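Student: Just data_2.cif, nothing more (mmCIF, C-alpha atoms):
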data_input
loop_
_atom_site.label_atom_id
_atom_site.label_comp_id
_atom_site.auth_asym_id
_atom_site.auth_seq_id
_atom_site.Cartn_x
_atom_site.Cartn_y
_atom_site.Cartn_z
CA MET A 13 -3.61 -0.71 -0.70
CA PHE A 14 -4.28 5.54 -0.03
CA SER A 15 -2.57 8.79 0.97
CA ILE A 16 -3.62 12.43 0.41
CA LEU A 17 -1.64 13.73 -2.34
CA ASN A 18 0.36 10.81 -3.28
CA LEU A 19 -1.67 8.21 -5.08
CA LYS A 20 -0.70 4.70 -5.17
CA ASP A 21 -2.06 2.40 -7.75
CA PRO A 22 -3.49 -0.88 -6.54
CA VAL A 23 -1.14 -3.63 -6.39
CA PHE A 24 -2.06 -6.81 -5.49
CA LYS A 25 -0.77 -8.30 -5.57
CA LEU A 26 -2.82 -6.37 -3.21
CA THR A 27 -0.97 -3.93 -3.39
CA PHE A 28 -2.09 -2.75 -2.81
CA VAL A 29 -2.00 -1.24 -6.60
CA ARG A 30 -1.14 -1.56 -3.36
CA SER A 31 -1.40 6.59 -1.68
CA VAL A 32 -3.30 10.34 -1.41
CA PHE A 33 -7.23 9.97 -0.98
CA LEU A 34 -4.92 8.35 1.39
CA ILE A 35 -7.53 6.47 1.33
CA LEU A 36 -9.59 8.19 -0.77
CA ILE A 37 -6.77 10.42 -0.75
CA THR A 38 -4.21 8.45 0.16
CA SER A 39 -6.11 6.83 -2.21
CA LEU A 40 -7.54 9.42 -4.37
CA ILE A 41 -4.45 11.33 -4.17
CA SER A 42 -2.11 8.59 -3.63
CA ALA A 43 -2.75 5.10 -4.65
CA CYS A 44 -0.84 2.52 -2.31
CA SER A 45 -1.14 -0.71 -3.51
CA THR A 46 -0.47 -1.34 -7.09
CA PRO A 47 1.38 -4.04 -8.86
CA PRO A 48 4.91 -3.29 -9.80
CA THR A 49 5.03 -2.05 -13.36
CA ARG A 50 8.69 -1.16 -13.65
CA GLY A 51 11.75 -3.30 -13.33
CA THR A 52 13.65 -3.45 -10.08
CA GLY A 53 16.34 -0.80 -10.22
CA TYR A 54 18.01 -1.65 -6.93
CA ARG A 55 21.22 -3.65 -7.10
CA SER A 56 22.90 -5.13 -4.07
CA PRO A 57 26.53 -4.32 -3.28
CA SER A 58 29.21 -6.68 -4.50
CA SER A 59 30.82 -7.08 -1.09
CA ALA A 60 29.41 -7.69 2.36
CA ALA A 61 28.42 -4.70 4.47
CA PRO A 62 30.13 -1.91 2.51
CA ALA A 63 30.37 1.52 4.13
CA ASN A 64 28.19 3.03 1.42
CA TYR A 65 26.79 2.51 -2.05
CA SER A 66 23.95 3.79 -4.20
CA SER A 67 20.79 2.67 -5.91
CA PRO A 68 19.58 4.55 -9.01
CA ILE A 69 17.64 7.05 -6.89
CA ALA A 70 19.21 6.90 -3.44
CA SER A 71 22.45 6.68 -1.53
CA PHE A 72 23.05 4.31 1.38
CA ASN A 73 25.45 5.04 4.21
CA ALA A 74 26.31 2.52 6.92
CA VAL A 75 25.45 3.73 10.42
CA SER A 76 25.53 2.35 13.94
CA TRP A 77 22.42 0.88 15.54
CA GLN A 78 22.56 3.72 18.06
CA SER A 79 21.83 6.10 15.17
CA LEU A 80 18.31 4.69 14.73
CA PRO A 81 15.92 6.75 16.89
CA GLY A 82 13.66 4.46 18.89
CA TRP A 83 15.43 1.25 17.87
CA GLN A 84 15.91 0.16 21.46
CA GLU A 85 12.31 1.00 22.40
CA ASP A 86 10.52 -0.79 19.56
CA ASP A 87 8.91 -4.10 20.54
CA LEU A 88 10.44 -6.17 17.75
CA SER A 89 8.31 -9.19 18.60
CA GLN A 90 5.47 -7.32 16.88
CA ALA A 91 7.54 -7.02 13.69
CA TRP A 92 8.83 -10.60 13.75
CA PRO A 93 5.80 -12.26 12.07
CA ALA A 94 6.09 -9.78 9.19
CA TRP A 95 9.80 -10.58 8.80
CA LEU A 96 9.07 -14.31 8.72
CA LYS A 97 6.55 -13.66 5.95
CA SER A 98 9.23 -11.78 4.01
CA CYS A 99 11.52 -14.76 4.47
CA GLU A 100 8.91 -17.11 3.02
CA ALA A 101 9.16 -15.20 -0.25
CA LEU A 102 12.85 -14.24 -0.16
CA ARG A 103 13.97 -17.86 0.20
CA LYS A 104 12.37 -18.61 -3.17
CA ARG A 105 13.90 -15.68 -5.02
CA SER A 106 17.25 -15.58 -6.71
CA SER A 107 19.16 -12.56 -5.49
CA GLU A 108 22.65 -11.22 -5.02
CA ILE A 109 21.67 -10.57 -1.42
CA ASN A 110 22.19 -13.48 0.95
CA TRP A 111 18.63 -13.61 2.28
CA ARG A 112 18.62 -17.38 2.63
CA SER A 113 21.32 -17.41 5.28
CA VAL A 114 19.74 -14.78 7.52
CA CYS A 115 16.29 -16.30 7.05
CA SER A 116 17.61 -19.73 8.02
CA GLN A 117 19.06 -18.27 11.22
CA ALA A 118 15.69 -16.72 12.04
CA SER A 119 14.26 -20.18 12.75
CA SER A 120 16.30 -20.39 15.97
CA VAL A 121 15.04 -17.09 17.40
CA SER A 122 12.17 -16.97 19.90
CA ALA A 123 9.26 -15.05 18.44
CA ARG A 124 8.32 -13.75 21.89
CA ASP A 125 11.75 -12.49 22.92
CA SER A 126 12.12 -8.92 21.67
CA GLN A 127 15.70 -8.68 22.92
CA ALA A 128 16.69 -11.90 21.16
CA ILE A 129 15.16 -10.57 17.97
CA ARG A 130 17.09 -7.32 18.40
CA ARG A 131 20.34 -9.26 18.81
CA TYR A 132 19.50 -11.27 15.69
CA PHE A 133 19.19 -8.14 13.56
CA GLU A 134 22.19 -6.41 15.08
CA SER A 135 24.38 -9.50 14.56
CA ASN A 136 23.28 -10.36 11.04
CA PHE A 137 22.41 -7.04 9.42
CA GLN A 138 23.99 -3.68 8.70
CA ALA A 139 21.79 -0.58 8.97
CA TYR A 140 22.06 1.98 6.17
CA GLU A 141 20.71 5.50 6.28
CA ILE A 142 18.85 6.25 3.05
CA ARG A 143 19.18 9.61 1.31
CA ASN A 144 17.38 10.82 -1.80
CA SER A 145 19.37 11.49 -4.95
CA ALA A 146 19.38 15.17 -3.98
CA GLY A 147 21.06 14.28 -0.69
CA SER A 148 18.12 14.74 1.68
CA GLU A 149 17.58 12.14 4.40
CA THR A 150 13.94 13.19 4.81
CA GLY A 151 11.05 12.17 2.57
CA LEU A 152 7.29 11.71 2.37
CA ILE A 153 5.50 9.01 4.37
CA THR A 154 1.86 8.41 3.48
CA GLY A 155 -0.57 5.66 4.47
CA TYR A 156 -2.93 3.13 2.96
CA TYR A 157 -5.37 0.49 4.17
CA GLU A 158 -7.76 -2.28 3.14
CA PRO A 159 -11.39 -1.14 2.88
CA VAL A 160 -14.12 -3.24 4.46
CA MET A 161 -17.73 -2.59 3.48
CA ASN A 162 -21.11 -4.27 3.47
CA GLY A 163 -22.25 -5.67 0.17
CA SER A 164 -23.88 -8.41 -1.85
CA GLN A 165 -23.03 -10.79 -4.67
CA THR A 166 -26.28 -9.80 -6.38
CA ARG A 167 -27.78 -6.39 -6.97
CA THR A 168 -30.36 -5.18 -4.45
CA ASN A 169 -32.14 -1.92 -3.75
CA VAL A 170 -29.51 -1.11 -1.14
CA PHE A 171 -26.41 -2.56 -2.80
CA ASN A 172 -26.52 -1.18 -6.33
CA VAL A 173 -22.96 0.05 -6.96
CA PRO A 174 -21.00 -2.61 -8.89
CA LEU A 175 -17.41 -3.74 -8.54
CA TYR A 176 -16.16 -5.45 -11.68
CA ALA A 177 -14.05 -8.42 -12.64
CA TYR A 178 -11.60 -8.06 -15.53
CA PRO A 179 -13.63 -7.99 -18.79
CA ASN A 180 -13.62 -11.31 -20.61
CA ALA A 181 -13.39 -9.45 -23.93
CA TRP A 182 -9.97 -8.11 -22.92
CA ARG A 183 -8.36 -11.37 -21.86
CA GLN A 184 -7.14 -12.24 -25.35
CA SER A 185 -6.55 -8.76 -26.70
CA ARG A 186 -6.14 -6.12 -24.04
CA PRO A 187 -6.36 -2.49 -25.22
CA ASN A 188 -3.53 -0.27 -24.04
CA PRO A 189 -4.79 2.10 -23.01
CA GLY A 190 -8.39 1.00 -22.69
CA PRO A 191 -11.44 3.26 -22.50
CA SER A 192 -11.58 5.75 -19.65
CA ARG A 193 -13.77 5.21 -16.59
CA ALA A 194 -16.55 7.36 -18.04
CA GLU A 195 -16.39 5.50 -21.37
CA LEU A 196 -16.42 2.10 -19.68
CA ILE A 197 -19.45 2.93 -17.57
CA SER A 198 -21.44 4.39 -20.47
CA SER A 199 -20.49 1.80 -23.12
CA GLY A 200 -22.03 -1.24 -21.47
CA ILE A 201 -18.87 -3.30 -22.07
CA LEU A 202 -18.74 -4.17 -18.37
CA LYS A 203 -22.23 -5.62 -18.24
CA GLY A 204 -22.06 -9.16 -16.92
CA SER A 205 -18.65 -8.62 -15.28
CA GLU A 206 -20.06 -7.55 -11.92
CA ILE A 207 -18.30 -9.41 -9.09
CA ALA A 208 -20.00 -7.72 -6.11
CA TRP A 209 -22.33 -4.86 -5.25
CA VAL A 210 -21.84 -2.23 -2.56
CA GLN A 211 -23.76 0.82 -1.39
CA ASP A 212 -21.43 3.81 -1.66
CA PRO A 213 -19.82 4.84 -4.99
CA VAL A 214 -17.12 6.84 -3.19
CA ALA A 215 -16.21 3.86 -1.02
CA ALA A 216 -16.11 1.70 -4.16
CA ALA A 217 -13.70 4.19 -5.76
CA SER A 218 -11.61 4.06 -2.60
CA MET A 219 -11.40 0.29 -2.87
CA GLN A 220 -10.26 0.65 -6.47
CA ILE A 221 -7.47 2.96 -5.41
CA GLN A 222 -6.41 0.65 -2.61
CA GLY A 223 -6.49 -2.32 -4.98
CA SER A 224 -8.18 -4.76 -2.62
CA GLY A 225 -10.81 -5.02 0.08
CA LYS A 226 -13.28 -7.11 1.98
CA ILE A 227 -17.02 -7.31 1.38
CA ARG A 228 -19.12 -8.32 4.37
CA LEU A 229 -22.03 -10.26 2.87
CA GLN A 230 -25.52 -10.38 4.34
CA ASP A 231 -25.09 -13.96 5.54
CA GLY A 232 -22.00 -12.94 7.53
CA ARG A 233 -19.43 -14.35 5.15
CA ILE A 234 -16.41 -12.26 4.15
CA MET A 235 -15.67 -11.96 0.44
CA ARG A 236 -12.09 -10.90 -0.26
CA LEU A 237 -11.30 -9.07 -3.46
CA GLY A 238 -7.85 -8.62 -4.93
CA TYR A 239 -6.42 -6.60 -7.79
CA ALA A 240 -7.00 -8.09 -11.25
CA GLY A 241 -5.93 -5.34 -13.64
CA THR A 242 -6.73 -1.86 -14.92
CA ASN A 243 -7.77 -0.08 -18.08
CA GLU A 244 -4.15 1.21 -18.29
CA GLN A 245 -5.26 4.82 -18.05
CA PRO A 246 -3.27 7.33 -15.94
CA PHE A 247 -4.45 8.02 -12.43
CA LYS A 248 -5.84 11.48 -11.69
CA SER A 249 -6.84 12.46 -8.21
CA SER A 250 -10.51 13.18 -7.55
CA ALA A 251 -9.40 15.05 -4.46
CA GLN A 252 -7.22 17.31 -6.59
CA TRP A 253 -10.16 17.82 -8.96
CA LEU A 254 -12.25 19.05 -6.03
CA LEU A 255 -9.45 21.31 -4.85
CA ASP A 256 -8.97 22.80 -8.31
CA LYS A 257 -12.68 23.58 -8.50
CA LYS A 258 -12.58 25.06 -4.99
CA GLU A 259 -15.23 22.58 -3.88
CA ILE A 260 -13.20 21.66 -0.79
CA THR A 261 -10.33 23.16 1.17
CA ARG A 262 -6.96 21.48 1.51
CA SER A 263 -7.80 20.49 5.09
CA GLU A 264 -10.88 18.69 3.72
CA ALA A 265 -8.87 16.78 1.12
CA THR A 266 -9.17 13.49 2.98
CA MET A 267 -11.33 10.45 2.43
CA GLN A 268 -13.65 11.72 5.12
CA GLY A 269 -13.85 15.19 3.56
CA ILE A 270 -14.54 13.80 0.10
CA SER A 271 -17.26 11.52 1.46
CA LEU A 272 -18.96 14.49 3.11
CA TRP A 273 -18.78 16.45 -0.15
CA ALA A 274 -20.37 13.51 -1.98
CA LYS A 275 -23.24 13.39 0.50
CA ARG A 276 -23.87 17.09 -0.05
CA ASN A 277 -23.60 16.73 -3.84
CA PRO A 278 -25.04 13.32 -4.80
CA ASP A 279 -25.82 14.47 -8.36
CA ARG A 280 -22.16 15.33 -9.00
CA VAL A 281 -20.50 12.21 -7.63
CA ASN A 282 -20.04 10.59 -11.04
CA GLU A 283 -18.64 13.83 -12.42
CA MET A 284 -16.05 13.79 -9.66
CA LEU A 285 -15.21 10.11 -10.08
CA ASN A 286 -14.95 10.41 -13.86
CA ALA A 287 -12.21 13.01 -13.39
CA ASN A 288 -10.01 9.97 -12.79
CA PRO A 289 -9.91 7.99 -16.07
CA ARG A 290 -8.24 5.01 -14.40
CA PHE A 291 -10.43 1.99 -13.59
CA VAL A 292 -9.46 -1.02 -11.49
CA PHE A 293 -10.83 -4.55 -11.79
CA PHE A 294 -11.00 -7.20 -9.07
CA LYS A 295 -10.88 -10.93 -8.60
CA GLU A 296 -12.29 -12.97 -5.74
CA LEU A 297 -9.60 -14.51 -3.59
CA PRO A 298 -9.85 -18.16 -2.50
CA GLY A 299 -12.49 -18.89 0.10
CA ASN A 300 -9.96 -20.53 2.41
CA VAL A 301 -8.17 -17.21 2.98
CA SER A 302 -8.60 -16.03 6.57
CA ALA A 303 -10.76 -12.94 6.94
CA ASP A 304 -8.17 -11.61 9.38
CA MET A 305 -5.30 -11.99 6.92
CA GLY A 306 -3.99 -8.81 5.35
CA PRO A 307 -4.12 -8.22 1.60
CA ILE A 308 -1.40 -9.70 -0.58
CA GLY A 309 1.34 -7.22 -1.42
CA ALA A 310 3.85 -7.11 -4.26
CA LEU A 311 6.09 -9.58 -2.43
CA ASN A 312 3.19 -12.05 -2.70
CA VAL A 313 2.78 -12.37 1.07
CA PRO A 314 -0.01 -10.98 3.29
CA LEU A 315 0.62 -7.50 4.62
CA THR A 316 0.83 -6.95 8.37
CA SER A 317 -0.95 -3.99 9.98
CA GLU A 318 1.51 -1.26 10.97
CA ARG A 319 4.48 -3.44 10.06
CA SER A 320 4.35 -3.42 6.24
CA ILE A 321 5.20 -0.60 3.87
CA ALA A 322 5.19 0.01 0.13
CA ILE A 323 8.44 1.33 -1.34
CA ASP A 324 10.01 2.33 -4.64
CA LEU A 325 11.70 -0.71 -6.17
CA GLN A 326 14.30 1.61 -7.67
CA ALA A 327 15.41 2.48 -4.15
CA MET A 328 15.70 -0.79 -2.27
CA PRO A 329 14.99 -4.52 -2.54
CA LEU A 330 11.49 -5.81 -2.02
CA GLY A 331 11.17 -7.76 1.22
CA ALA A 332 13.92 -5.94 3.10
CA PRO A 333 13.54 -4.86 6.74
CA VAL A 334 13.34 -1.07 7.05
CA PHE A 335 13.46 1.07 10.16
CA LEU A 336 11.03 3.96 9.86
CA ALA A 337 11.08 7.19 11.87
CA THR A 338 8.15 9.51 11.30
CA THR A 339 5.09 10.85 13.17
CA ARG A 340 1.49 9.74 13.42
CA PRO A 341 -1.06 11.48 11.15
CA LEU A 342 -1.61 15.18 11.84
CA SER A 343 0.50 15.09 14.99
CA ASP A 344 3.99 15.30 16.42
CA GLN A 345 3.64 11.91 18.16
CA VAL A 346 6.60 9.81 17.11
CA LEU A 347 6.15 6.63 15.10
CA GLN A 348 9.45 4.74 15.12
CA LYS A 349 9.41 1.06 14.29
CA LEU A 350 10.78 -1.79 12.24
CA VAL A 351 8.67 -2.48 9.13
CA MET A 352 9.01 -4.69 6.05
CA ALA A 353 9.14 -3.48 2.45
CA GLN A 354 6.48 -5.86 1.15
CA ASP A 355 4.58 -3.75 -1.34
CA THR A 356 5.03 -1.13 -4.05
CA GLY A 357 2.96 1.31 -6.08
CA LYS A 358 3.19 3.73 -8.97
CA ALA A 359 2.80 6.78 -6.73
CA ILE A 360 5.51 5.60 -4.36
CA VAL A 361 8.50 7.24 -5.98
CA GLY A 362 11.79 8.20 -4.36
CA GLY A 363 14.58 6.92 -2.16
CA VAL A 364 13.09 8.15 1.11
CA ARG A 365 9.46 7.37 0.35
CA ALA A 366 7.04 4.91 1.92
CA ASP A 367 3.35 4.12 2.10
CA TYR A 368 2.56 2.77 5.56
CA TYR A 369 -0.04 0.00 5.79
CA TRP A 370 -2.44 0.73 8.66
CA GLY A 371 -4.63 -2.37 8.38
CA SER A 372 -8.27 -3.07 7.47
CA GLY A 373 -11.49 -1.20 8.11
CA ASP A 374 -12.71 2.27 8.93
CA SER A 375 -10.30 2.99 11.80
CA ALA A 376 -7.32 2.16 9.61
CA GLY A 377 -8.87 4.23 6.83
CA GLU A 378 -9.18 7.26 9.10
CA LEU A 379 -5.47 7.11 9.90
CA ALA A 380 -4.33 6.31 6.37
CA GLY A 381 -6.48 9.04 4.87
CA ARG A 382 -4.84 11.70 7.03
CA MET A 383 -1.23 10.56 6.87
CA LYS A 384 1.17 12.79 4.97
CA GLN A 385 4.21 13.10 7.20
CA ASN A 386 7.92 13.72 6.86
CA GLY A 387 10.11 10.79 7.79
CA LYS A 388 13.48 9.05 7.64
CA MET A 389 14.29 5.48 6.65
CA TRP A 390 17.09 2.99 7.22
CA VAL A 391 17.28 -0.24 5.23
CA LEU A 392 18.72 -3.33 6.92
CA LEU A 393 20.80 -5.61 4.70
CA PRO A 394 22.59 -8.87 5.53
CA ARG A 395 26.25 -8.50 6.45
#
What's the structure tokens form of this structure?
Tutor:
Amino acid sequence: MFSILNLKDPVFKLTFVRSVFLILITSLISACSTPPTRGTGYRSPSSAAPANYSSPIASFNAVSWQSLPGWQEDDLSQAWPAWLKSCEALRKRSSEINWRSVCSQASSVSARDSQAIRRYFESNFQAYEIRNSAGSETGLITGYYEPVMNGSQTRTNVFNVPLYAYPNAWRQSRPNPGPSRAELISSGILKGSEIAWVQDPVAAASMQIQGSGKIRLQDGRIMRLGYAGTNEQPFKSSAQWLLDKKEITRSEATMQGISLWAKRNPDRVNEMLNANPRFVFFKELPGNVSADMGPIGALNVPLTSERSIAIDLQAMPLGAPVFLATTRPLSDQVLQKLVMAQDTGKAIVGGVRADYYWGSGDSAGELAGRMKQNGKMWVLLPR
């Protein structure tokens, strides 16, 4: 799964290796979906519903449900399917947290009854305000999405930009780090590893940052691609490269702004893309996966539009319900809702830090690419 100056590495499990091209900034400057590459630092408390405790990078303080702005107004029936998906994975995981009990009780709750769902959470969970290690309750909220673009499984005059599978030559002995993007493209080592062809090199780079995407083939079929690995090079933002060279202004540092720059400067697109040495490889997902299903996040369940987030595993447990209070991109319009911590990414670092999954396609990309808001978070843990 992007964000404008926060880049999240693809995670697939989308992830969205699952954020700040936020899509190509939330993406090129923030890569949102990227597989977890560090161990989980969060540890659950030893007793039920303590008043407070800490993770390695955050402090948690128990608060009343009335402290959550917008909690009573949120239609929790829209978040319920995402919570049930979290439960599918949490039931299978060994954990100090008693997820199995609360997930078992969820089976008796009506999915259409928002008030019943609210009572379920209030009865079985304690809300904790999250603060960063420095003591601030406010942090950065970016966005990411799943690209959808037209393409082909064979090269054509129109679709001539390749997306690559993981190189066969690396499956037995993987270099760490491997060659940079520029070196990979020029060396020919990727020849024969093409998995699909698309039209726009900037859109292809955006899909790499997001870590997954859908290719709409000419016969109408949908080909879903997931994260398969990287060349283990560090991520560097193409958007930041353009800013440093004064090619764009900060207000233009969005996926849309970068795409416009590329159209004005077609001969310099590869120069811009090569500023990021990191390269992402894909794998085709099973054909029986619904085209409407979200990409697979780090929790190994499909993400839900506007109800899934990527978080720092050092801050809180993967799969946990989180109440998020922020604003919509480039506005003061409140965005207050229950979401599920179902993804992670290398650029998602901090106690109060989230990458908000907007969904699939251009509309979601527009929102994700512009999202760089302040926000607050409360994690909900079983009593």
Student: Selected by the PyMOL selection byres ((chain A and resi 238-247) around 6) in the shown coordinates: which residues, as a list in words?
Tutor: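 Selection result, ordered by chain and number: Phe24, Leu26, Asn188, Pro189, Gly190, Gly223, Ser224, Leu237, Lys248, Asn288, Pro289, Arg290, Phe291, Val292, Phe293, Phe294 and Lys295 of chain A.
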Student: Which is closest to Asn282 (chain A) among A:Ala332, A:Leu297, A:Val173, A:Met235, if we use only C-alpha atoms?
Tutor: A:Val173
Student: Excluding region 135-141 of chain A and its own-chain neighbours fewer than 3 positions away, which residues fall within 6 Å of it when counting all atoms listed in the file? Please give them as a list of chain:residue names.
Tutor: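 My reading of the contact set: A:Phe72, A:Asn73, A:Ala74, A:Val75, A:Arg131, A:Tyr132, A:Trp390, A:Val391, A:Leu392, A:Leu393, A:Pro394, A:Arg395.
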Student: Go through A:Ser317, A:Pro213, A:Thr154, A:Trp273 and flag the residue nearest Leu342 (chain A), using all atoms listed in the file for the distances.
Tutor: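 Looking only at the distances to Leu342 (chain A), the closest residue turns out to be A:Thr154.
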Student: With 12 Å as the threshold, what does the neighbourhood of (-15.0, -10.5, -23.7) contain in terms of residues, counting all atoms listed in the file? Coordinates are those of the file; answer as a PyMOL selection string.
Tutor: chain A and resi 177-187+200-205
Student: Give me the residues near Leu229 (chain A) as JSON, numbers by chain, where near means some atom within 9 Å (using all atoms listed in the file) and where sequence neighbours in that chain fewer than 2 positions away do not count.
Tutor: {"A": [161, 162, 163, 164, 165, 227, 231, 232, 233, 234, 235]}
Student: Output the residue selection produced by the PyMOL selection byres ((chain A and resi 365) around 12) on the file above, formatted as a PyMOL selection string.
Tutor: chain A and resi 18+20+31+44+69-70+142-145+148-155+321-328+334+336-338+353+356-364+366-368+384-391
Student: Enter the distance from CA of Ala216 (chain A) to CA of Pro159 (chain A), in Å, rounded to one decimal.
Tutor: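 If I compute the distance from CA of Ala216 (chain A) to CA of Pro159 (chain A), I get 8.9 Å.
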